[in-house]
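In what follows, a structure is listed as structure tokens, so that the remarks can point back to it.
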Amino acid sequence: MRRAVRISGVALLALVAWQAVVTLAELPRFILPGPQLVFATLWTSRALIAEHALVTAVEVLLGLGLGAALGFGSAILLAASPLARSLLRPMLVFSQAVPVFALAPILTLWLGYGLWSKVAMALLIIYFPVTSAFFDALMRTPPGWLELARVMNATPGRILWRIRVPAALPGFASGLRLAAVYAPIGAIIGEWVGASRGLGYLMLLANGRAKIDLMFAALIVLAVLTLVLHAAVDAACRRLWGS
């Protein structure tokens, strides 16, 4: 309840500041529309925005699910195999050295303008945070636990799955929370590069037609979608792993 009150207070303060900037600077609506106009457009165009928001939500959820699964498996492989660490870790670091914007046109060329190029973008942008957070947690298992398991003649496989993975789940949860914020960014970048549906496409279309109020309305929906996704992931992690 307190969290909801705080969020509502911050949102109200942001709206007041927004309106104050528009009023005091006397900005025209094609530069920065006021919140009243934006929310009016959000209501009148709710069907259009909802249609595009659904497309973006599907892209984000698919990218988040696939990226989390791939990051989980990759982190376990890295933790279990020194050879995998020597071969794959440099590749992971290199993948972050390439700007995401540079990969978006390539993925669109390979996968087309449909759903999967955007899913791939979301996957790529969250893969490293999930893998890195979970791998670091796997490598920081308390040494006393490992020594006790070895004294009891536990096999490396049992140590990994019965001790190291459960102990590292809070780290995996931290990676998922980051992924929930980053996944929409990947989907929107993919839609900006080439798409016919989605909030990113709608924002570009509105900007090209000088409908700045519609662009801001789509941006607000995207922000709300990201906040809801992060809250849902956070609640799921707390319920499943207490972290």
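Chain labels run A, B, ... following the order of the structure tokens; each chain numbers its residues from 1, and ligands are numbered from 1 in the order shown.
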Each residue of segment 38-79 of chain A lying at most 10 Å from segment 139-148 of chain A should get a row with its shortest atom-to-atom pair and the distance in Å to one decimal, counting only C-alpha atoms; could you produce that, ordered by chain and increasing number, as CSV?
residue,atom,partner,partner_atom,distance
A:Ala75,CA,A:Met139,CA,9.8
A:Ile76,CA,A:Met139,CA,10.0
A:Leu78,CA,A:Met139,CA,9.6
A:Ala79,CA,A:Met139,CA,6.7
Report as CSV the residues of segment 124-180 of chain A within 12 Å of segment 61-64 of chain A, each with its shortest atom pair and distance in Å (one decimal), using only C-alpha atoms, ordered by chain and increasing residue number.
residue,atom,partner,partner_atom,distance
A:Leu124,CA,A:Gly63,CA,8.3
A:Ile125,CA,A:Gly63,CA,9.2
A:Ile126,CA,A:Leu64,CA,7.3
A:Tyr127,CA,A:Leu64,CA,8.8
A:Pro129,CA,A:Leu64,CA,11.6
A:Val130,CA,A:Leu64,CA,10.0
A:Gly175,CA,A:Leu64,CA,11.0
A:Leu176,CA,A:Leu64,CA,8.4
A:Arg177,CA,A:Leu64,CA,10.4
A:Leu178,CA,A:Leu64,CA,10.4
A:Ala179,CA,A:Leu64,CA,6.8
A:Ala180,CA,A:Leu64,CA,7.0
Excluding Val58 of chain A and any residue of its chain fewer than 4 positions from it, enumerate the residues within 10 Å of it, using only C-alpha atoms, and give them as a VMD selection string.
chain A and resid 53 to 54 62 to 64 115 118 to 119 187 198
Take the residues from that selection and write them out as a PDB file, in the first residue's frame, keeping all heavy atoms.
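What ended up in selection-v2.pdb:
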ATOM      1  N   ALA A  53       0.326  -1.984 -28.556  1.00  0.00           N
ATOM      2  CA  ALA A  53       0.923  -2.383 -27.281  1.00  0.00           C
ATOM      3  C   ALA A  53       0.907  -3.888 -27.108  1.00  0.00           C
ATOM      4  O   ALA A  53       1.848  -4.474 -26.549  1.00  0.00           O
ATOM      5  CB  ALA A  53       0.180  -1.716 -26.129  1.00  0.00           C
ATOM      6  N   LEU A  54      -0.128  -4.554 -27.593  1.00  0.00           N
ATOM      7  CA  LEU A  54      -0.204  -6.009 -27.497  1.00  0.00           C
ATOM      8  C   LEU A  54       0.923  -6.664 -28.286  1.00  0.00           C
ATOM      9  O   LEU A  54       1.541  -7.636 -27.828  1.00  0.00           O
ATOM     10  CB  LEU A  54      -1.564  -6.486 -28.011  1.00  0.00           C
ATOM     11  CG  LEU A  54      -1.791  -7.997 -27.996  1.00  0.00           C
ATOM     12  CD1 LEU A  54      -1.698  -8.545 -26.578  1.00  0.00           C
ATOM     13  CD2 LEU A  54      -3.145  -8.349 -28.606  1.00  0.00           C
ATOM     14  N   LEU A  62       8.214 -12.896 -25.046  1.00  0.00           N
ATOM     15  CA  LEU A  62       8.954 -13.981 -25.703  1.00  0.00           C
ATOM     16  C   LEU A  62      10.459 -13.778 -25.556  1.00  0.00           C
ATOM     17  O   LEU A  62      11.199 -14.717 -25.240  1.00  0.00           O
ATOM     18  CB  LEU A  62       8.573 -14.062 -27.178  1.00  0.00           C
ATOM     19  CG  LEU A  62       7.219 -14.673 -27.511  1.00  0.00           C
ATOM     20  CD1 LEU A  62       6.929 -14.565 -29.005  1.00  0.00           C
ATOM     21  CD2 LEU A  62       7.177 -16.146 -27.092  1.00  0.00           C
ATOM     22  N   GLY A  63      10.924 -12.558 -25.786  1.00  0.00           N
ATOM     23  CA  GLY A  63      12.350 -12.276 -25.637  1.00  0.00           C
ATOM     24  C   GLY A  63      12.828 -12.487 -24.214  1.00  0.00           C
ATOM     25  O   GLY A  63      13.914 -13.035 -23.988  1.00  0.00           O
ATOM     26  N   LEU A  64      12.010 -12.071 -23.238  1.00  0.00           N
ATOM     27  CA  LEU A  64      12.376 -12.249 -21.835  1.00  0.00           C
ATOM     28  C   LEU A  64      12.445 -13.723 -21.464  1.00  0.00           C
ATOM     29  O   LEU A  64      13.395 -14.168 -20.806  1.00  0.00           O
ATOM     30  CB  LEU A  64      11.363 -11.522 -20.952  1.00  0.00           C
ATOM     31  CG  LEU A  64      11.597 -11.599 -19.447  1.00  0.00           C
ATOM     32  CD1 LEU A  64      12.919 -10.957 -19.072  1.00  0.00           C
ATOM     33  CD2 LEU A  64      10.454 -10.911 -18.694  1.00  0.00           C
ATOM     34  N   LEU A 115       7.782 -10.685 -36.237  1.00  0.00           N
ATOM     35  CA  LEU A 115       7.916 -10.803 -34.787  1.00  0.00           C
ATOM     36  C   LEU A 115       9.324 -11.174 -34.346  1.00  0.00           C
ATOM     37  O   LEU A 115       9.869 -10.600 -33.403  1.00  0.00           O
ATOM     38  CB  LEU A 115       6.907 -11.854 -34.294  1.00  0.00           C
ATOM     39  CG  LEU A 115       6.985 -12.258 -32.823  1.00  0.00           C
ATOM     40  CD1 LEU A 115       6.449 -11.139 -31.943  1.00  0.00           C
ATOM     41  CD2 LEU A 115       6.200 -13.544 -32.583  1.00  0.00           C
ATOM     42  N   LYS A 118      12.380  -8.804 -33.600  1.00  0.00           N
ATOM     43  CA  LYS A 118      12.229  -8.032 -32.367  1.00  0.00           C
ATOM     44  C   LYS A 118      12.460  -8.912 -31.138  1.00  0.00           C
ATOM     45  O   LYS A 118      13.062  -8.476 -30.154  1.00  0.00           O
ATOM     46  CB  LYS A 118      10.840  -7.403 -32.269  1.00  0.00           C
ATOM     47  CG  LYS A 118      10.615  -6.232 -33.211  1.00  0.00           C
ATOM     48  CD  LYS A 118      10.550  -6.671 -34.644  1.00  0.00           C
ATOM     49  CE  LYS A 118      10.325  -5.549 -35.614  1.00  0.00           C
ATOM     50  NZ  LYS A 118      10.377  -6.010 -37.015  1.00  0.00           N
ATOM     51  N   VAL A 119      12.000 -10.147 -31.199  1.00  0.00           N
ATOM     52  CA  VAL A 119      12.264 -11.088 -30.110  1.00  0.00           C
ATOM     53  C   VAL A 119      13.769 -11.312 -29.964  1.00  0.00           C
ATOM     54  O   VAL A 119      14.311 -11.346 -28.846  1.00  0.00           O
ATOM     55  CB  VAL A 119      11.532 -12.417 -30.354  1.00  0.00           C
ATOM     56  CG1 VAL A 119      11.954 -13.467 -29.327  1.00  0.00           C
ATOM     57  CG2 VAL A 119      10.024 -12.213 -30.305  1.00  0.00           C
ATOM     58  N   ALA A 187      13.038  -4.652 -27.894  1.00  0.00           N
ATOM     59  CA  ALA A 187      11.888  -4.755 -28.797  1.00  0.00           C
ATOM     60  C   ALA A 187      11.633  -3.436 -29.515  1.00  0.00           C
ATOM     61  O   ALA A 187      11.361  -3.412 -30.727  1.00  0.00           O
ATOM     62  CB  ALA A 187      10.649  -5.186 -28.010  1.00  0.00           C
ATOM     63  N   GLY A 198       3.463  -2.357 -33.492  1.00  0.00           N
ATOM     64  CA  GLY A 198       4.178  -2.199 -32.234  1.00  0.00           C
ATOM     65  C   GLY A 198       4.256  -0.746 -31.805  1.00  0.00           C
ATOM     66  O   GLY A 198       4.064   0.171 -32.601  1.00  0.00           O
TER      67      GLY A 198
END
One-decimal distance in Å that lies between atom CA of Met203 of chain A and atom CA of Phe216 of chain A
7.8 Å
Between A:Leu204, A:Ala137, A:Ile7, A:Ala218, which has the minimum distance to Pro166 of chain A (counting only C-alpha atoms)?
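Among A:Leu204, A:Ala137, A:Ile7, A:Ala218, it is A:Ala137 that comes nearest to Pro166 of chain A.
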When you look at Gly112 of chain A with a cut-off of 9 Å (counting only C-alpha atoms), what residues show up, excluding the ones that are within fewer than 5 positions of it in the same chain? I need them as a short mmCIF file (atom, residue, chain, number, x, y, z; two decimals) with C-alpha atoms, in the first residue's frame.
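Here's the written file result_4.cif:
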data_model
loop_
_atom_site.label_atom_id
_atom_site.label_comp_id
_atom_site.auth_asym_id
_atom_site.auth_seq_id
_atom_site.Cartn_x
_atom_site.Cartn_y
_atom_site.Cartn_z
CA LEU A 107 18.65 -9.16 -37.50
CA SER A 117 13.63 -10.02 -35.31
CA GLY A 194 11.79 -2.07 -39.35
CA ALA A 195 8.25 -3.01 -38.38
#
Within 9 Å of segment 170-172 of chain A, counting only C-alpha atoms, which residues qualify if same-chain residues fewer than 3 places away don't, as an mmCIF file with all heavy atoms, in the first residue's frame?
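The resulting result-v3.cif:
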data_model
loop_
_atom_site.group_PDB
_atom_site.id
_atom_site.type_symbol
_atom_site.label_atom_id
_atom_site.label_comp_id
_atom_site.auth_asym_id
_atom_site.auth_seq_id
_atom_site.Cartn_x
_atom_site.Cartn_y
_atom_site.Cartn_z
ATOM 1 N N ALA A 68 15.994 -15.422 -20.680
ATOM 2 C CA ALA A 68 16.212 -15.934 -19.326
ATOM 3 C C ALA A 68 16.603 -17.411 -19.356
ATOM 4 O O ALA A 68 17.511 -17.832 -18.633
ATOM 5 C CB ALA A 68 14.956 -15.733 -18.491
ATOM 6 N N PHE A 72 20.217 -18.742 -18.216
ATOM 7 C CA PHE A 72 20.290 -19.744 -17.144
ATOM 8 C C PHE A 72 21.182 -20.903 -17.562
ATOM 9 O O PHE A 72 22.096 -21.307 -16.841
ATOM 10 C CB PHE A 72 18.879 -20.235 -16.824
ATOM 11 C CG PHE A 72 18.801 -21.188 -15.664
ATOM 12 C CD1 PHE A 72 18.579 -20.718 -14.380
ATOM 13 C CD2 PHE A 72 18.932 -22.556 -15.844
ATOM 14 C CE1 PHE A 72 18.502 -21.584 -13.302
ATOM 15 C CE2 PHE A 72 18.857 -23.432 -14.783
ATOM 16 C CZ PHE A 72 18.642 -22.945 -13.496
ATOM 17 N N VAL A 130 21.569 -11.428 -17.570
ATOM 18 C CA VAL A 130 21.094 -12.628 -16.878
ATOM 19 C C VAL A 130 22.229 -13.623 -16.686
ATOM 20 O O VAL A 130 22.443 -14.156 -15.588
ATOM 21 C CB VAL A 130 19.935 -13.272 -17.663
ATOM 22 C CG1 VAL A 130 19.551 -14.617 -17.044
ATOM 23 C CG2 VAL A 130 18.728 -12.348 -17.686
ATOM 24 N N THR A 131 22.979 -13.869 -17.752
ATOM 25 C CA THR A 131 24.091 -14.818 -17.674
ATOM 26 C C THR A 131 25.135 -14.353 -16.668
ATOM 27 O O THR A 131 25.615 -15.137 -15.835
ATOM 28 C CB THR A 131 24.742 -14.992 -19.052
ATOM 29 O OG1 THR A 131 23.759 -15.395 -20.003
ATOM 30 C CG2 THR A 131 25.848 -16.037 -19.004
ATOM 31 N N SER A 132 25.505 -13.086 -16.736
ATOM 32 C CA SER A 132 26.550 -12.561 -15.862
ATOM 33 C C SER A 132 26.134 -12.600 -14.394
ATOM 34 O O SER A 132 26.910 -13.032 -13.527
ATOM 35 C CB SER A 132 26.884 -11.126 -16.281
ATOM 36 O OG SER A 132 27.886 -10.588 -15.457
ATOM 37 N N ALA A 133 24.902 -12.178 -14.099
ATOM 38 C CA ALA A 133 24.445 -12.157 -12.707
ATOM 39 C C ALA A 133 24.373 -13.567 -12.122
ATOM 40 O O ALA A 133 24.806 -13.811 -10.985
ATOM 41 C CB ALA A 133 23.083 -11.473 -12.619
ATOM 42 N N PHE A 134 23.833 -14.511 -12.905
ATOM 43 C CA PHE A 134 23.691 -15.882 -12.403
ATOM 44 C C PHE A 134 25.042 -16.569 -12.294
ATOM 45 O O PHE A 134 25.320 -17.283 -11.322
ATOM 46 C CB PHE A 134 22.758 -16.655 -13.333
ATOM 47 C CG PHE A 134 22.321 -17.995 -12.798
ATOM 48 C CD1 PHE A 134 22.130 -18.191 -11.437
ATOM 49 C CD2 PHE A 134 22.096 -19.059 -13.657
ATOM 50 C CE1 PHE A 134 21.722 -19.431 -10.943
ATOM 51 C CE2 PHE A 134 21.685 -20.285 -13.173
ATOM 52 C CZ PHE A 134 21.507 -20.477 -11.816
ATOM 53 N N PHE A 135 25.919 -16.339 -13.265
ATOM 54 C CA PHE A 135 27.251 -16.953 -13.219
ATOM 55 C C PHE A 135 28.049 -16.454 -12.017
ATOM 56 O O PHE A 135 28.688 -17.245 -11.314
ATOM 57 C CB PHE A 135 27.995 -16.663 -14.519
ATOM 58 C CG PHE A 135 29.437 -17.083 -14.496
ATOM 59 C CD1 PHE A 135 29.786 -18.424 -14.511
ATOM 60 C CD2 PHE A 135 30.446 -16.135 -14.448
ATOM 61 C CE1 PHE A 135 31.119 -18.819 -14.477
ATOM 62 C CE2 PHE A 135 31.782 -16.512 -14.416
ATOM 63 C CZ PHE A 135 32.120 -17.859 -14.433
ATOM 64 N N ASP A 136 28.026 -15.156 -11.774
ATOM 65 C CA ASP A 136 28.740 -14.615 -10.611
ATOM 66 C C ASP A 136 28.214 -15.225 -9.319
ATOM 67 O O ASP A 136 28.996 -15.539 -8.412
ATOM 68 C CB ASP A 136 28.586 -13.094 -10.564
ATOM 69 C CG ASP A 136 29.414 -12.404 -11.631
ATOM 70 O OD1 ASP A 136 30.315 -13.049 -12.201
ATOM 71 O OD2 ASP A 136 29.154 -11.208 -11.907
ATOM 72 N N ALA A 137 26.904 -15.385 -9.231
ATOM 73 C CA ALA A 137 26.327 -15.986 -8.025
ATOM 74 C C ALA A 137 26.738 -17.449 -7.889
ATOM 75 O O ALA A 137 26.999 -17.929 -6.774
ATOM 76 C CB ALA A 137 24.810 -15.858 -8.057
ATOM 77 N N LEU A 138 26.793 -18.158 -9.002
ATOM 78 C CA LEU A 138 27.215 -19.568 -8.958
ATOM 79 C C LEU A 138 28.662 -19.711 -8.485
ATOM 80 O O LEU A 138 29.016 -20.682 -7.811
ATOM 81 C CB LEU A 138 27.070 -20.201 -10.343
ATOM 82 C CG LEU A 138 25.654 -20.540 -10.808
ATOM 83 C CD1 LEU A 138 25.645 -20.900 -12.285
ATOM 84 C CD2 LEU A 138 25.073 -21.691 -9.996
ATOM 85 N N PRO A 166 20.838 -23.684 -6.091
ATOM 86 C CA PRO A 166 19.914 -23.054 -5.131
ATOM 87 C C PRO A 166 20.504 -21.826 -4.447
ATOM 88 O O PRO A 166 19.797 -20.835 -4.213
ATOM 89 C CB PRO A 166 19.636 -24.174 -4.121
ATOM 90 C CG PRO A 166 19.862 -25.435 -4.887
ATOM 91 C CD PRO A 166 20.999 -25.134 -5.808
ATOM 92 N N ALA A 167 21.813 -21.873 -4.130
ATOM 93 C CA ALA A 167 22.432 -20.728 -3.472
ATOM 94 C C ALA A 167 22.536 -19.523 -4.402
ATOM 95 O O ALA A 167 22.582 -18.380 -3.933
ATOM 96 C CB ALA A 167 23.825 -21.108 -2.965
ATOM 97 N N GLY A 175 19.311 -10.773 -12.069
ATOM 98 C CA GLY A 175 19.422 -10.692 -13.513
ATOM 99 C C GLY A 175 18.074 -10.580 -14.196
ATOM 100 O O GLY A 175 17.918 -9.831 -15.174
ATOM 101 N N LEU A 176 17.076 -11.291 -13.668
ATOM 102 C CA LEU A 176 15.730 -11.214 -14.248
ATOM 103 C C LEU A 176 15.121 -9.828 -14.062
ATOM 104 O O LEU A 176 14.419 -9.328 -14.949
ATOM 105 C CB LEU A 176 14.829 -12.269 -13.611
ATOM 106 C CG LEU A 176 15.071 -13.723 -14.017
ATOM 107 C CD1 LEU A 176 14.077 -14.636 -13.306
ATOM 108 C CD2 LEU A 176 14.956 -13.904 -15.515
ATOM 109 N N ARG A 177 15.372 -9.219 -12.918
ATOM 110 C CA ARG A 177 14.840 -7.871 -12.695
ATOM 111 C C ARG A 177 15.439 -6.872 -13.695
ATOM 112 O O ARG A 177 14.736 -5.999 -14.212
ATOM 113 C CB ARG A 177 15.119 -7.431 -11.258
ATOM 114 C CG ARG A 177 14.326 -8.210 -10.213
ATOM 115 C CD ARG A 177 14.535 -7.625 -8.827
ATOM 116 N NE ARG A 177 13.759 -8.347 -7.828
ATOM 117 C CZ ARG A 177 14.257 -9.334 -7.066
ATOM 118 N NH1 ARG A 177 15.520 -9.699 -7.211
ATOM 119 N NH2 ARG A 177 13.492 -9.949 -6.189
ATOM 120 N N CYS A 237 9.841 -13.411 -8.320
ATOM 121 C CA CYS A 237 11.131 -13.792 -7.704
ATOM 122 C C CYS A 237 11.007 -13.850 -6.186
ATOM 123 O O CYS A 237 11.556 -14.758 -5.550
ATOM 124 C CB CYS A 237 12.207 -12.788 -8.116
ATOM 125 S SG CYS A 237 12.682 -12.868 -9.864
ATOM 126 N N TRP A 241 11.694 -17.469 -4.682
ATOM 127 C CA TRP A 241 13.001 -17.628 -4.057
ATOM 128 C C TRP A 241 13.215 -16.720 -2.862
ATOM 129 O O TRP A 241 14.295 -16.699 -2.285
ATOM 130 C CB TRP A 241 14.119 -17.386 -5.095
ATOM 131 C CG TRP A 241 13.941 -18.258 -6.297
ATOM 132 C CD1 TRP A 241 13.787 -19.618 -6.311
ATOM 133 C CD2 TRP A 241 13.900 -17.844 -7.677
ATOM 134 N NE1 TRP A 241 13.646 -20.072 -7.592
ATOM 135 C CE2 TRP A 241 13.715 -19.014 -8.452
ATOM 136 C CE3 TRP A 241 14.000 -16.623 -8.320
ATOM 137 C CZ2 TRP A 241 13.614 -18.976 -9.839
ATOM 138 C CZ3 TRP A 241 13.915 -16.572 -9.698
ATOM 139 C CH2 TRP A 241 13.739 -17.736 -10.456
ATOM 140 N N GLY A 242 12.186 -15.927 -2.517
ATOM 141 C CA GLY A 242 12.310 -15.059 -1.356
ATOM 142 C C GLY A 242 13.386 -14.006 -1.477
ATOM 143 O O GLY A 242 13.994 -13.611 -0.460
ATOM 144 N N SER A 243 13.636 -13.560 -2.719
ATOM 145 C CA SER A 243 14.703 -12.567 -2.903
ATOM 146 C C SER A 243 14.294 -11.560 -3.966
ATOM 147 O O SER A 243 13.402 -11.807 -4.749
ATOM 148 C CB SER A 243 15.987 -13.257 -3.337
ATOM 149 O OG SER A 243 15.825 -13.929 -4.571
#
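The space between atom CA of Val233 of chain A and atom CA of Gly65 of chain A spans 11.1 Å.
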Suppose you want the space between atom CA of Gly71 of chain A and atom CA of Leu92 of chain A; what is it in Å?
10.9 Å
What parts of segment 15-232 of chain A does DSSP call alpha helix (DSSP H)? I'd like the answer as a PyMOL selection string.
chain A and resi 15-25+35-44+46-80+82-97+100-111+115-138+143-151+156-159+165-193+199-208+212-232
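Closest approach to Gly157 of chain A among A:Ala104, A:Ala80, A:Leu37, A:Ala17: A:Ala80, based on only C-alpha atoms.
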Nearest residue to Arg29 of chain A from the set A:Ala210, A:Met152, A:Leu219, A:Leu48 (distances using only C-alpha atoms):
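Nearest candidate to Arg29 of chain A out of A:Ala210, A:Met152, A:Leu219, A:Leu48: A:Ala210.
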Using only C-alpha atoms, which residues sit within 7 Å of Thr41 of chain A once same-chain residues fewer than 2 positions away are excluded, as JSON, numbers by chain?
{"A": [37, 38, 39, 43, 44, 45, 213, 214, 217]}
Output for the residues just chosen: N, CA and C atoms as a CSV table (one decimal), in the first residue's frame:
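What landed in again.csv:
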chain,number,residue,atom,x,y,z
A,37,LEU,N,-3.6,17.1,-22.9
A,37,LEU,CA,-3.7,16.8,-24.3
A,37,LEU,C,-3.3,15.3,-24.5
A,38,VAL,N,-2.2,14.9,-23.9
A,38,VAL,CA,-1.6,13.6,-24.1
A,38,VAL,C,-2.6,12.5,-23.6
A,39,PHE,N,-3.2,12.8,-22.4
A,39,PHE,CA,-4.1,11.8,-21.8
A,39,PHE,C,-5.4,11.8,-22.6
A,43,TRP,N,-6.9,8.4,-24.5
A,43,TRP,CA,-8.2,7.9,-24.4
A,43,TRP,C,-8.9,7.7,-25.7
A,44,THR,N,-8.8,8.8,-26.6
A,44,THR,CA,-9.5,8.7,-27.9
A,44,THR,C,-8.8,7.7,-28.8
A,45,SER,N,-7.5,7.4,-28.6
A,45,SER,CA,-6.8,6.5,-29.5
A,45,SER,C,-6.5,5.2,-28.8
A,213,ASP,N,1.4,14.4,-29.6
A,213,ASP,CA,0.6,13.9,-28.5
A,213,ASP,C,0.4,12.4,-28.5
A,214,LEU,N,0.2,11.9,-29.7
A,214,LEU,CA,0.1,10.4,-29.9
A,214,LEU,C,1.4,9.7,-29.6
A,217,ALA,N,1.7,9.6,-25.9
A,217,ALA,CA,0.7,8.7,-25.4
A,217,ALA,C,1.3,7.2,-25.5
Considering only C-alpha atoms, can you say which of A:Asn207, A:Leu227, A:Arg238, A:Leu160 comes closest to Ser174 of chain A?
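Smallest distance to Ser174 of chain A is found for A:Arg238.
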